[in-house]
Amino acid sequence: AFRKVLKRHYPFLRREWQAMDSNDDGRLTFAEFVPLCRRIGFEGPFRKVFEALTRGKEWIELGDIEPELAEDQEQAEKEAAARRAIKTERPPRRTAAAAGASIAQSDDGQRFVSVFRSCMKLRFRNLLEGWESLDNDKDGCLTFNEFVAGCRLLDLQFNMKAAFAALAKGKAKAELTDLDPRLGAEAAALKQRLAQQSEDRAKAALAGRGYQPACTG
């Protein structure tokens, strides 16, 4: 019964696990389980259901609710650990450029990029789709403001300036290859397509007609 009620409120368990995990450690303790039950309207008995799910453990894991997600537990805990580490990151009191460069080269900076990349993969079908969704001005890059909006969409809470510096490596805008260096060809094709759409949109405006983007499949 608990699983059925939970699935109604959280149909995508793997990507929504963080929303249930209030202390962000990748697991659900009994102290987290009870408020979750109350939020979704499940009335218990809380302890009995918790013990049935955990089978002697002190916490609930992904596989306890959906067995097919058992192998995702280790990754969920790694992502949670990385988020906790980055939340506590405080750049030294130096110039913004120096602080950004330091974070970009640090292990914490690389952990941020890894967490951001993993959350993008969970939210979207692939990184290219996610990147284009966050790119509001459609230039193929992410500005700081676009990046902050993206983090809020992904429910990530970081030191935003330090995190953006890590992703963009000190540049004014982050590029798709900053997120994944293997996507060079995709990044070039995206910029070319967006530039063509911008040109077509301008021509349509001059001609006094609406712009209809071509289907890219």
# chains A, B, ... in the order shown; residues from 1 in each chain; ligands from 1
call {"tool": "residues_around", "arguments": {"residues": "stretch 18-27 of chain A", "least_positions_apart": "2", "cutoff": "9 Å", "atoms": "only C-alpha atoms", "output": "VMD selection string"}}
result
chain A and resid 14 to 16 29 32 to 33 36 59 to 62 73 to 81 83 to 84 155
call {"tool": "closest_residue", "arguments": {"among": "A:Lys138, A:Phe164, A:Leu176, A:Val148", "to": "A:Gln196", "atoms": "only C-alpha atoms"}}
result
A:Lys138
call {"tool": "select_by_dssp", "arguments": {"residues": "stretch 150-213 of chain A", "states": "helix (DSSP H, G or I)", "output": "ChimeraX atom specification"}}
result
/A:150-153,160-168,176-179,181-207
call {"tool": "closest_atom_pairs", "arguments": {"of": "stretch 118-137 of chain A", "to": "stretch 156-160 of chain A", "cutoff": "12 Å", "atoms": "only C-alpha atoms", "output": "JSON lines"}}
result
{"residue": "A:Ser118", "atom": "CA", "partner": "A:Leu156", "partner_atom": "CA", "distance": 11.5}
{"residue": "A:Cys119", "atom": "CA", "partner": "A:Leu156", "partner_atom": "CA", "distance": 8.7}
{"residue": "A:Met120", "atom": "CA", "partner": "A:Leu156", "partner_atom": "CA", "distance": 10.8}
call {"tool": "residues_around", "arguments": {"residues": "A:Gly63", "least_positions_apart": "3", "cutoff": "10 Å", "atoms": "only C-alpha atoms", "output": "ChimeraX atom specification"}}
result
/A:53-54,60,66-73
call {"tool": "select_by_dssp", "arguments": {"residues": "chain A", "states": "strand (DSSP E)", "output": "PyMOL selection string"}}
result
chain A and resi 28-29+59-60+141-142+174-175
call {"tool": "write_last_selection", "arguments": {"atoms": "N, CA, C and O atoms", "output": "mmCIF file, in the first residue's frame"}}
result
data_model
loop_
_atom_site.group_PDB
_atom_site.id
_atom_site.type_symbol
_atom_site.label_atom_id
_atom_site.label_comp_id
_atom_site.auth_asym_id
_atom_site.auth_seq_id
_atom_site.Cartn_x
_atom_site.Cartn_y
_atom_site.Cartn_z
ATOM 1 N N LEU A 28 16.826 7.043 3.361
ATOM 2 C CA LEU A 28 15.738 7.576 4.173
ATOM 3 C C LEU A 28 15.751 6.914 5.548
ATOM 4 O O LEU A 28 15.557 5.700 5.661
ATOM 5 N N THR A 29 15.972 7.705 6.590
ATOM 6 C CA THR A 29 15.888 7.196 7.949
ATOM 7 C C THR A 29 14.427 7.204 8.395
ATOM 8 O O THR A 29 13.560 7.750 7.704
ATOM 9 N N TRP A 59 17.791 2.267 7.603
ATOM 10 C CA TRP A 59 17.389 3.235 6.597
ATOM 11 C C TRP A 59 16.781 2.513 5.395
ATOM 12 O O TRP A 59 16.972 1.312 5.204
ATOM 13 N N ILE A 60 16.033 3.271 4.601
ATOM 14 C CA ILE A 60 15.448 2.761 3.360
ATOM 15 C C ILE A 60 16.347 3.161 2.194
ATOM 16 O O ILE A 60 16.817 4.296 2.119
ATOM 17 N N CYS A 141 25.236 28.560 -25.380
ATOM 18 C CA CYS A 141 26.014 28.662 -24.141
ATOM 19 C C CYS A 141 25.078 28.940 -22.969
ATOM 20 O O CYS A 141 23.904 29.253 -23.153
ATOM 21 N N LEU A 142 25.629 28.829 -21.762
ATOM 22 C CA LEU A 142 24.857 29.193 -20.575
ATOM 23 C C LEU A 142 25.502 30.395 -19.895
ATOM 24 O O LEU A 142 26.693 30.365 -19.565
ATOM 25 N N ALA A 174 29.378 29.401 -20.043
ATOM 26 C CA ALA A 174 29.750 27.987 -20.068
ATOM 27 C C ALA A 174 29.317 27.375 -21.386
ATOM 28 O O ALA A 174 28.268 27.727 -21.943
ATOM 29 N N GLU A 175 30.126 26.460 -21.902
ATOM 30 C CA GLU A 175 29.820 25.782 -23.151
ATOM 31 C C GLU A 175 29.511 24.320 -22.875
ATOM 32 O O GLU A 175 29.868 23.776 -21.828
#
call {"tool": "residues_around", "arguments": {"residues": "A:Ala82", "least_positions_apart": "4", "cutoff": "7 Å", "atoms": "only C-alpha atoms", "output": "ChimeraX atom specification"}}
result
/A:78,86,111-112,115
call {"tool": "atom_distance", "arguments": {"atom1": "atom CA of A:Ala85", "atom2": "atom CA of A:Asp64"}}
result
26.4 Å
call {"tool": "residues_around", "arguments": {"residues": "A:Leu167", "least_positions_apart": "3", "cutoff": "7 Å", "atoms": "only C-alpha atoms", "output": "number ranges by chain"}}
result
A: 104, 113, 163-164, 174, 178-179
call {"tool": "write_last_selection", "arguments": {"atoms": "N, CA and C atoms", "output": "compact mmCIF listing (two decimals), in the first residue's frame"}}
result
# COMPACT_ATOMS: atom_id res chain seq x y z
N ALA A 104 37.63 26.35 -9.92
CA ALA A 104 37.56 25.59 -11.17
C ALA A 104 38.60 24.48 -11.22
N VAL A 113 30.76 19.69 -11.17
CA VAL A 113 30.47 19.41 -12.58
C VAL A 113 29.89 18.00 -12.72
N ALA A 163 30.29 27.64 -8.20
CA ALA A 163 29.92 26.51 -9.03
C ALA A 163 29.96 26.87 -10.51
N PHE A 164 29.47 28.07 -10.85
CA PHE A 164 29.52 28.48 -12.26
C PHE A 164 30.97 28.65 -12.73
N ALA A 174 29.38 29.40 -20.04
CA ALA A 174 29.75 27.99 -20.07
C ALA A 174 29.32 27.38 -21.39
N ASP A 178 32.21 22.16 -21.75
CA ASP A 178 32.65 22.30 -20.35
C ASP A 178 31.95 21.25 -19.49
N LEU A 179 30.74 20.89 -19.88
CA LEU A 179 29.99 19.88 -19.15
C LEU A 179 30.46 18.48 -19.51
call {"tool": "closest_residue", "arguments": {"among": "A:Phe50, A:Phe144, A:Phe124, A:Phe116", "to": "A:Arg3", "atoms": "only C-alpha atoms"}}
result
A:Phe50
